[in-house]
Structures are given as structure tokens and as C-alpha cells.
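J.: One structure follows; several queries about it will come next.
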Amino acid sequence: MLETGQELNVETLMDQFAVTERTIRNDIRDLNSELPEGTKVNIVDGGRISVSTKDDFSSIVARLADQSDYYHYRLSARERRTILTLILLYSSHYVTMAELADKLFVSKNTIVSETENLKEIFERHGLRLESKTRRGFRTVGDEKKIRRFIFELCRDNTGDNNSSAYRRLFRRELEGNIDRKAVFDILCVWENRHGFELTDQSFEELENYLIVTANRISSGNILLESYDGNMTDLSEASELLQMVLTKIGKNSEAILSAELPALNRRILGCRYIKKNFSNKKIDSLYTEMRILTFIYDICRRLDIAQEINYDKFYFIFVHINSAVQRVRQGEEVIENAFQEELEVSYPDIFSVIRQEAETLDELVPGNMGDMELSYIAMYFIAVLAEKPERDREIRAVLVCSSGMCTAMLLQAKLKLHFNIEIVDVLSSHKYEQYDLTEVDLIISTVYVETKTCPAACISPLLSDSDIETIHSAIAQIRHEQKHQDESSLQRQIREYIDEYRSLTQSLGEGQDPYGRTVEEFYHKYFGADSTDSEKNLYSLLDEDFILLDEDVSTWEEAVTCAGKLLTDKGVAEPRYIDSMIRIIRNNGPYCVFIPHVALAHAAPEDGGEKMGLSLVRLKRPVEFHHPSNDPVQIVVCLSGGKDKDYLQPFFHLVRIFQNREVLEFILSAVHPTEIINIIRFYEQYFFT
């Protein structure tokens, strides 16, 4: 927790872990005995916990992590379940409770309890955790599902949101009998031979994929999958797999042909810092869709996906599209005189943009360069600067025991830094009887207990760290307000769906429920004089462009099904379907950048006659072989026509479908009209 830099205090830790203050202080004492000279964890004013060090604390934690095992590092319940899951997925034989208990330094009763919980989790992944008396546990199920589960664990447990020690322990378990350094060296040689460079994230994901694959093959578990004759050139994937198989002594034609298709799809999903594009056609719509993906990913990570409006979105899109064209043509970039100053003031924004710039690097021969990225950062900084405050001022009470003068000075400082209203100044003993019903935030110079609203404990001097503490508390309040607003909208939609279904069931056969009920409901919830923009997503959909619970087996069939809705209505030519499939095969599953939703498209010159949109909900999800957003259950096909009219509907589509609640509504809808009007509700609420 200290490694992440979050604000900690003794009282919070006591509540979080249900322990006494003595336990917390003993833990800190023991931790200090492990830390090198010059580094110490301190308890300072108000029970706040801080680190004083002359070195980089993260590197110290990393060094300690390398020395950790399951005895020295006490796994949390979630971490223990994950490690148990990985052990059971990897093992090709029964594992006894005694073996698991000894390995993780826990009791057999703990293992019994955990494995009971795991049985349900395994079933959700299409697997069975089999148990036999005196033999233990083993995983039973399809090899493809076992590996998919392992890769899901990799994705969730190797990121920075986990501690260094736990990440190291997880990686050790993942490596099994395979030497990670050997796989690392093989990947580096393979990159150099073909003149490209994977991004760090893609490199690690491919490295983990090869380690898992090598372990499974070594234990006799082969991924039996037939070769698709329509797949792209397999030479690069074949070369890489042969190098790994040779290293583990399993280089046979049978294993190579069985494992090759899956590895090839994994490589297609990789991102690159450098890659030779000389033989690759990049159409304009593909470029634009990648840029739109880039903007979406940054907005999501900066938490402005629901605040940015279409004008700002379009402004950013136009700039980035121009920047990509400039870099492709080798034009010199004008120096940004504000780059250094902006990066000092907004390091988090620059960090996010550099990480997500991998998406743009696939469009240009070489990376975009820091100067171009600094101009892109300026646009997002401008959006954040104009991010509106939601609703009214934050209402706060100030609890201060240092006297009236100190309280008045602190109150003035707070008004200077924050958009808050100090509704009262209290002593700590008066606070205990105070009615907090209309209060959003408690700011105090002493520790106070609260169950009704967030509290920020600060020093009377209002230091920089105090300002950050209050910022965090306000951000939490804004988030809760936003959640309450969205919950209200969800209730309205549920009411509409229930009432709509009740009315349609009461209508006689052949009567049109749309004309008689839906418009009435829409006016009931939003007013009879409301109007819709012709560029709304809703306006592009009618029942003829929506199919529900279509049964297909592959992503190609899913795209064909959605594309046929466009071709049948003359929105696109039949060849448009083949072009959409070709683009995904050639460029990988980039179209699945929203979890469980695929957005297929092709260029206008590939048969896109006019602006159109189709939506297919699949009966059974299919794999597009995206590393993190599979499986896909909603397939949307877009025809952009001859101009850029698709940008605004696309903007709406991304903002709507990235919302988990609307996705759940659409997945449970029983009629296309419901989907149209669910989308209509969200567009009316968020965009007008």
C-alpha cells in the first residue's frame, strides 16, 4: 500500500483489516527492520503513515519482492485464490490438500474453504474442479478454456495495481518449469530478424503466452485447433513457435500445426513501436478508426469519457489525424514551447498519452515523437480544464480545535483552492452532535469518525499533501453523484421496459406496438416536444438493421451476419462484407476495443454506398482473439459512406456501449424496438 503512494493512517488500516492499533504499530516496526538503512516508515501527526527515504521506494520494494515467498509475504484472500487457481490449472495430475496447504503456509481447512469457492469460479469458465478422497483436486475441461482462464489471470495479476511482491510470486508460479530469460531472448532475436519492435505491454503479453504454452506442451497438453486456410501469412508465427519448441525439446510438426493458428492470432493482436509498413495497405477509414480508438482509450483512463462533448472529441480527432499524415510524409514538427512546463504540471496526462500512443505507432513508420504527443496532450489538458463541476458546490463542515483565528485562515485557504461551501465550523466535541444530513464532506484537523459522508483529515497549515487529500475526497463525491444520476436513468429505463412489455403483451395480434406505445413512453419520460438529431446513433437504427440471438460459430460468420443487414438494404455492396473480414484478418482484432463489442467496418471504396449501421446480438459469444476484450456478443457493422458523417454516431456508440449498464440492458432486451429506445434514452440524457 505504501508502494502505491496512497494516503494511509493508523485508524483507516485498523478499520480495513479489523486489527488493533498495536498490531499496526508492530507491523510497521517489523517492516522497518527489513528496510535498508536510510529508509523508514513513520507515524506522524494524526496517525498518518509516511515513508522517509533517500532512495526510490519502489526499487526497494522490488528488491524485497525478489526475496519473498509464501511464508514471508502473506497472501490476501483474493491473492491466495488466484495462486490456487493457477496451481490447479497448471497441474496435469491430482494435487492434495496437504500439498497446497504446505506450499501456501495455510491450514487444510483454509484450502477446503477456498476450493469450495473455486468450484463455482471454474464452472463459470466452462471447467470442472474435480475432487477425490485421498487424491485431491484436478482441473477437468477443454484445453482452450484452461488456457483462456490462465491468460485472464495473467491480465489481472501482472499490472501495477498489484504489489511488487505479489507480482513476483505470481510470475514465478506462471513460469513453472520454463526459463523466462530464455523466452525473453528468443523474442528479442525474433524481433530483430523481422525489423520490428513490440510495445512493452505486447512484449510481456506475448512472453507470458509463450511461457504458458511451453508449460502446457511440456506436460502433454496440446491445443488442438484446425488450420484456417484463409488466415494471413503464418511464417513469422511459425518461426517463433519453432524456436520455443526447440528450446523445450518438443519441436514436432504435429505440435507446430496444432498450436500455430492460436499463436498467429495472438501476434496479430500485438502493438508495435516500430514496424515495416512498406508492404501493408492502410486505408483511410482504418487509420481514422485507430485514431478514434486512441481518443476513447485516453478519455477512459483520464475518466472524462462521460464529460467530453462531441465538439471537443472532433477537434482532437482532426488534430491527431493531421499529425499522423504529417509524420507519414516526414514533415518537420514545430517545437512546442510549452512542452516542458506542461509535463511538469500534468505528468499523469503525458504518461497516459505515451502509453496509449502505441495505437498510433501502428499507423506511422516509427513513433509519433514526444513533440507531436505534447501537442496532443495540450488538447486533453484543455478538455480537463473545462471539465464542468457537476451540480452544486460541495457542502462541507470544518472541524478545527486550534482556535477561531486558525479556523478562519484555514477556511479562507480552502475557498481559494476548492469550489466548496463551508456551512459550519465546529469543535470536535460539537461535531459529535452535529446533523450531517445536508453535508457532503467533513474537513478536520483532528481525526473524527464518520459513517455518512467522506472525511479528509488535514493539518491547519494546509500542505500540498492535504490539498491532494481533499481533491481525492471531492473526486469520490463527484463520482458518487454521477453514479446516482446514472442510477436514476437506469431506473427510468427499467420502468420503460417493464411498461412497454406489459403493453405489447396486452395488444392483439398484428397490432403495431411501436406506433401506439413507444412514442408515448418516450414523451412520457422526456417531453412531447423533444427532437432527435439526424446524426444520433438512434436515428440510424430500425428493426430491419437489428438481429437478436443469432447463432453463429466464428467471428467471420458474426461479421457476415451483421454485414448482410447492410447489403440487403442497399447500404453497402456484397463485397463490403469480404473487405471487413479481410481488414480484421490483416490487422488483428483491433475492432474489439470495447469489452464484448466488435465494431467492424471497411473503406467506402470497398463497397460502402452510404451511411449505415447494423447490430447483431449473438446467442453464444464468439472469440475475435482479442487479448483482453473477448468474448464478443454484440457485433456492430458500420458503413461510413463518402464523407465523415459517421463520426458523431461513432462517438455516441462508443460512449454508450462502454457503459456496462447499457450493455446489460441490450443483452437482456427481448425486441429490437427495446434496443433502439434504450439507446435513445442514453443519447437524450447524455448528449442533449
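Identifiers for the C-alpha cells are assigned positionally: chains receive A, B, ... in sequence, residues are indexed from 1 per chain, and ligands are indexed from 1 in the order shown.
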Show me, as a VMD selection string, the residues that have an atom within 12 Å of A:Ile146 when counting only C-alpha atoms, minus same-chain residues fewer than 2 positions from it.
T.: chain A and resid 85 to 92 122 to 129 138 to 144 148 to 153 212 to 213 216 221 to 223
J.: Give me, as number ranges by chain, all polymer residues having an atom no more than 9 Å from stretch 318-334 of chain A, counting only C-alpha atoms and skipping those fewer than 3 positions away in the same chain.
T.: A: 287-288, 291, 313-315, 360, 363-368, 371-372, 375-376, 379
J.: Mind listing the strand (DSSP E or B) residues of stretch 230-440 of chain A, per DSSP on the backbone, as JSON, numbers by chain?
T.: {"A": [272, 273, 274, 394, 395, 396, 397, 398, 399, 420, 421, 422, 423, 424, 425, 426]}
J.: Which residues come within 10 Å of A:Glu468, counting only C-alpha atoms, excluding same-chain residues fewer than 5 positions away, as a list in words?
T.: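 Counting only C-alpha atoms, the residues come to Glu7, Ala456, Leu462, Ser463, Ala473 and Ile474 of chain A.
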J.: According to DSSP computed on the backbone, where in stretch 1-241 of chain A is there helix (DSSP H, G or I)? Give the residues as a VMD selection string.
T.: chain A and resid 10 to 17 21 to 34 45 to 47 57 to 66 77 to 90 97 to 104 108 to 124 143 to 157 164 to 175 180 to 194 200 to 218 235 to 241
J.: Store the residues of this selection in a file with C-alpha atoms, as a CSV table (one decimal), in the first residue's frame.
T.:
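And here's selection_30.csv as it stands now:
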```csv
chain,number,residue,atom,x,y,z
A,10,VAL,CA,-3.5,4.1,11.5
A,11,GLU,CA,-7.2,4.4,12.1
A,12,THR,CA,-8.0,3.6,8.4
A,13,LEU,CA,-5.8,0.5,8.5
A,14,MET,CA,-7.4,-0.6,11.8
A,15,ASP,CA,-10.8,-0.5,10.2
A,16,GLN,CA,-9.8,-2.0,6.9
A,17,PHE,CA,-8.0,-5.0,8.4
A,21,GLU,CA,-3.5,-0.1,16.8
A,22,ARG,CA,-0.8,-2.3,18.5
A,23,THR,CA,-0.9,-4.7,15.5
A,24,ILE,CA,-0.4,-1.9,13.0
A,25,ARG,CA,2.4,-0.4,15.0
A,26,ASN,CA,4.1,-3.9,15.4
A,27,ASP,CA,3.8,-4.4,11.6
A,28,ILE,CA,5.4,-1.1,10.9
A,29,ARG,CA,8.2,-2.0,13.4
A,30,ASP,CA,8.8,-5.3,11.7
A,31,LEU,CA,8.7,-3.7,8.3
A,32,ASN,CA,11.4,-1.1,9.3
A,33,SER,CA,13.7,-4.0,10.4
A,34,GLU,CA,13.5,-5.3,6.8
A,45,ASP,CA,0.6,13.8,13.1
A,46,GLY,CA,-2.9,12.5,13.3
A,47,GLY,CA,-1.7,8.9,12.9
A,57,PHE,CA,11.0,3.4,-2.5
A,58,SER,CA,9.6,1.3,-5.4
A,59,SER,CA,13.0,-0.1,-6.2
A,60,ILE,CA,13.4,-1.0,-2.5
A,61,VAL,CA,10.1,-2.8,-2.6
A,62,ALA,CA,11.1,-4.6,-5.8
A,63,ARG,CA,14.3,-5.8,-4.2
A,64,LEU,CA,12.4,-7.1,-1.2
A,65,ALA,CA,9.9,-8.8,-3.6
A,66,ASP,CA,12.6,-10.8,-5.2
A,77,ALA,CA,-7.8,-14.0,0.3
A,78,ARG,CA,-8.0,-12.8,-3.3
A,79,GLU,CA,-4.3,-13.4,-4.0
A,80,ARG,CA,-4.5,-16.8,-2.4
A,81,ARG,CA,-7.4,-17.9,-4.5
A,82,THR,CA,-5.6,-16.7,-7.6
A,83,ILE,CA,-2.4,-18.6,-6.8
A,84,LEU,CA,-4.5,-21.7,-6.0
A,85,THR,CA,-6.4,-21.3,-9.3
A,86,LEU,CA,-3.1,-21.1,-11.3
A,87,ILE,CA,-1.6,-24.1,-9.5
A,88,LEU,CA,-4.8,-26.2,-10.2
A,89,LEU,CA,-5.0,-25.1,-13.9
A,90,TYR,CA,-1.3,-25.9,-14.5
A,97,MET,CA,-4.9,-30.5,0.2
A,98,ALA,CA,-1.7,-31.2,2.2
A,99,GLU,CA,0.5,-30.2,-0.8
A,100,LEU,CA,-1.5,-27.0,-1.3
A,101,ALA,CA,-1.5,-26.1,2.4
A,102,ASP,CA,2.2,-26.7,2.8
A,103,LYS,CA,3.0,-24.6,-0.3
A,104,LEU,CA,1.0,-21.6,0.8
A,108,LYS,CA,-6.1,-27.6,5.4
A,109,ASN,CA,-9.4,-26.0,6.5
A,110,THR,CA,-8.4,-22.9,4.6
A,111,ILE,CA,-7.7,-24.9,1.5
A,112,VAL,CA,-11.1,-26.8,1.8
A,113,SER,CA,-12.9,-23.4,2.1
A,114,GLU,CA,-11.1,-21.9,-0.8
A,115,THR,CA,-11.5,-24.8,-3.2
A,116,GLU,CA,-15.3,-24.8,-2.5
A,117,ASN,CA,-15.4,-21.2,-3.7
A,118,LEU,CA,-13.2,-22.1,-6.7
A,119,LYS,CA,-15.5,-24.8,-7.9
A,120,GLU,CA,-18.1,-22.2,-8.8
A,121,ILE,CA,-15.5,-19.9,-10.5
A,122,PHE,CA,-14.2,-22.8,-12.6
A,123,GLU,CA,-17.7,-23.7,-13.7
A,124,ARG,CA,-18.2,-20.1,-14.9
A,143,GLU,CA,-7.6,-27.1,-23.2
A,144,LYS,CA,-8.6,-23.9,-24.9
A,145,LYS,CA,-10.8,-22.9,-22.0
A,146,ILE,CA,-8.0,-23.8,-19.5
A,147,ARG,CA,-5.5,-21.5,-21.3
A,148,ARG,CA,-8.1,-18.8,-21.7
A,149,PHE,CA,-8.6,-18.8,-17.9
A,150,ILE,CA,-4.8,-18.7,-17.4
A,151,PHE,CA,-4.4,-15.7,-19.7
A,152,GLU,CA,-7.2,-14.0,-17.9
A,153,LEU,CA,-5.3,-14.4,-14.6
A,154,CYS,CA,-2.2,-13.0,-16.3
A,155,ARG,CA,-4.0,-9.9,-17.4
A,156,ASP,CA,-5.5,-9.3,-14.0
A,157,ASN,CA,-2.5,-10.1,-11.8
A,164,SER,CA,5.7,-5.9,-6.4
A,165,ALA,CA,6.0,-8.9,-4.1
A,166,TYR,CA,2.7,-10.5,-5.2
A,167,ARG,CA,3.5,-9.9,-8.9
A,168,ARG,CA,6.8,-11.6,-8.5
A,169,LEU,CA,5.2,-14.6,-6.7
A,170,PHE,CA,2.6,-14.9,-9.5
A,171,ARG,CA,5.2,-14.7,-12.2
A,172,ARG,CA,7.2,-17.5,-10.5
A,173,GLU,CA,4.2,-19.7,-10.4
A,174,LEU,CA,3.4,-18.8,-14.0
A,175,GLU,CA,6.9,-19.7,-15.2
A,180,ARG,CA,11.6,-16.8,-18.6
A,181,LYS,CA,15.0,-15.4,-19.6
A,182,ALA,CA,15.3,-18.0,-22.4
A,183,VAL,CA,11.9,-17.0,-23.8
A,184,PHE,CA,12.8,-13.3,-23.4
A,185,ASP,CA,16.0,-13.9,-25.5
A,186,ILE,CA,14.0,-15.8,-28.2
A,187,LEU,CA,11.5,-12.9,-28.5
A,188,CYS,CA,14.3,-10.4,-28.9
A,189,VAL,CA,16.1,-12.4,-31.6
A,190,TRP,CA,12.7,-12.8,-33.4
A,191,GLU,CA,12.0,-9.1,-33.3
A,192,ASN,CA,15.5,-8.2,-34.7
A,193,ARG,CA,15.2,-10.7,-37.5
A,194,HIS,CA,12.0,-9.1,-38.8
A,200,ASP,CA,6.5,-3.3,-23.7
A,201,GLN,CA,2.9,-4.4,-22.9
A,202,SER,CA,2.6,-6.5,-26.0
A,203,PHE,CA,6.0,-8.0,-25.5
A,204,GLU,CA,5.2,-9.1,-21.9
A,205,GLU,CA,1.8,-10.4,-23.0
A,206,LEU,CA,3.4,-12.5,-25.8
A,207,GLU,CA,6.2,-13.6,-23.4
A,208,ASN,CA,3.6,-14.8,-20.9
A,209,TYR,CA,1.6,-16.5,-23.7
A,210,LEU,CA,4.7,-18.4,-24.9
A,211,ILE,CA,5.6,-19.4,-21.3
A,212,VAL,CA,2.1,-20.8,-20.6
A,213,THR,CA,2.1,-22.5,-24.0
A,214,ALA,CA,5.5,-24.1,-23.4
A,215,ASN,CA,4.4,-25.3,-19.9
A,216,ARG,CA,1.2,-26.8,-21.2
A,217,ILE,CA,3.0,-28.6,-24.1
A,218,SER,CA,5.7,-29.9,-21.7
A,235,SER,CA,5.7,-17.6,-41.4
A,236,GLU,CA,6.5,-15.2,-38.6
A,237,ALA,CA,4.4,-17.1,-36.1
A,238,SER,CA,5.8,-20.4,-37.3
A,239,GLU,CA,9.4,-19.3,-36.9
A,240,LEU,CA,8.7,-18.0,-33.3
A,241,LEU,CA,6.9,-21.2,-32.3
```
J.: Restricting the calculation to only C-alpha atoms, which member of A:Glu674, A:Glu341, A:Asp568, A:Glu556 is positioned closest to A:Ile581?
T.: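 Among the listed residues, A:Glu556 lies closest to A:Ile581.
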J.: Give me the residues near A:Leu2 as a compact mmCIF listing (two decimals) with N, CA and C atoms, in the first residue's frame, where near means some atom within 9 Å (using only C-alpha atoms) and where sequence neighbours in that chain fewer than 6 positions away do not count.
T.:
```txt
# COMPACT_ATOMS: atom_id res chain seq x y z
N LEU A 8 -2.25 6.94 3.86
CA LEU A 8 -2.58 5.94 4.86
C LEU A 8 -2.55 6.56 6.24
N VAL A 41 9.60 3.80 7.74
CA VAL A 41 8.17 4.10 7.76
C VAL A 41 7.86 4.78 9.09
N ILE A 49 0.63 7.84 8.14
CA ILE A 49 1.81 7.00 7.91
C ILE A 49 2.53 7.49 6.66
N SER A 50 3.84 7.70 6.79
CA SER A 50 4.62 8.18 5.64
C SER A 50 5.95 7.45 5.58
N VAL A 51 6.61 7.58 4.43
CA VAL A 51 7.92 6.94 4.21
C VAL A 51 8.97 8.02 4.05
N PHE A 57 11.66 4.38 -3.38
CA PHE A 57 10.99 3.38 -2.54
C PHE A 57 10.51 2.19 -3.36
```
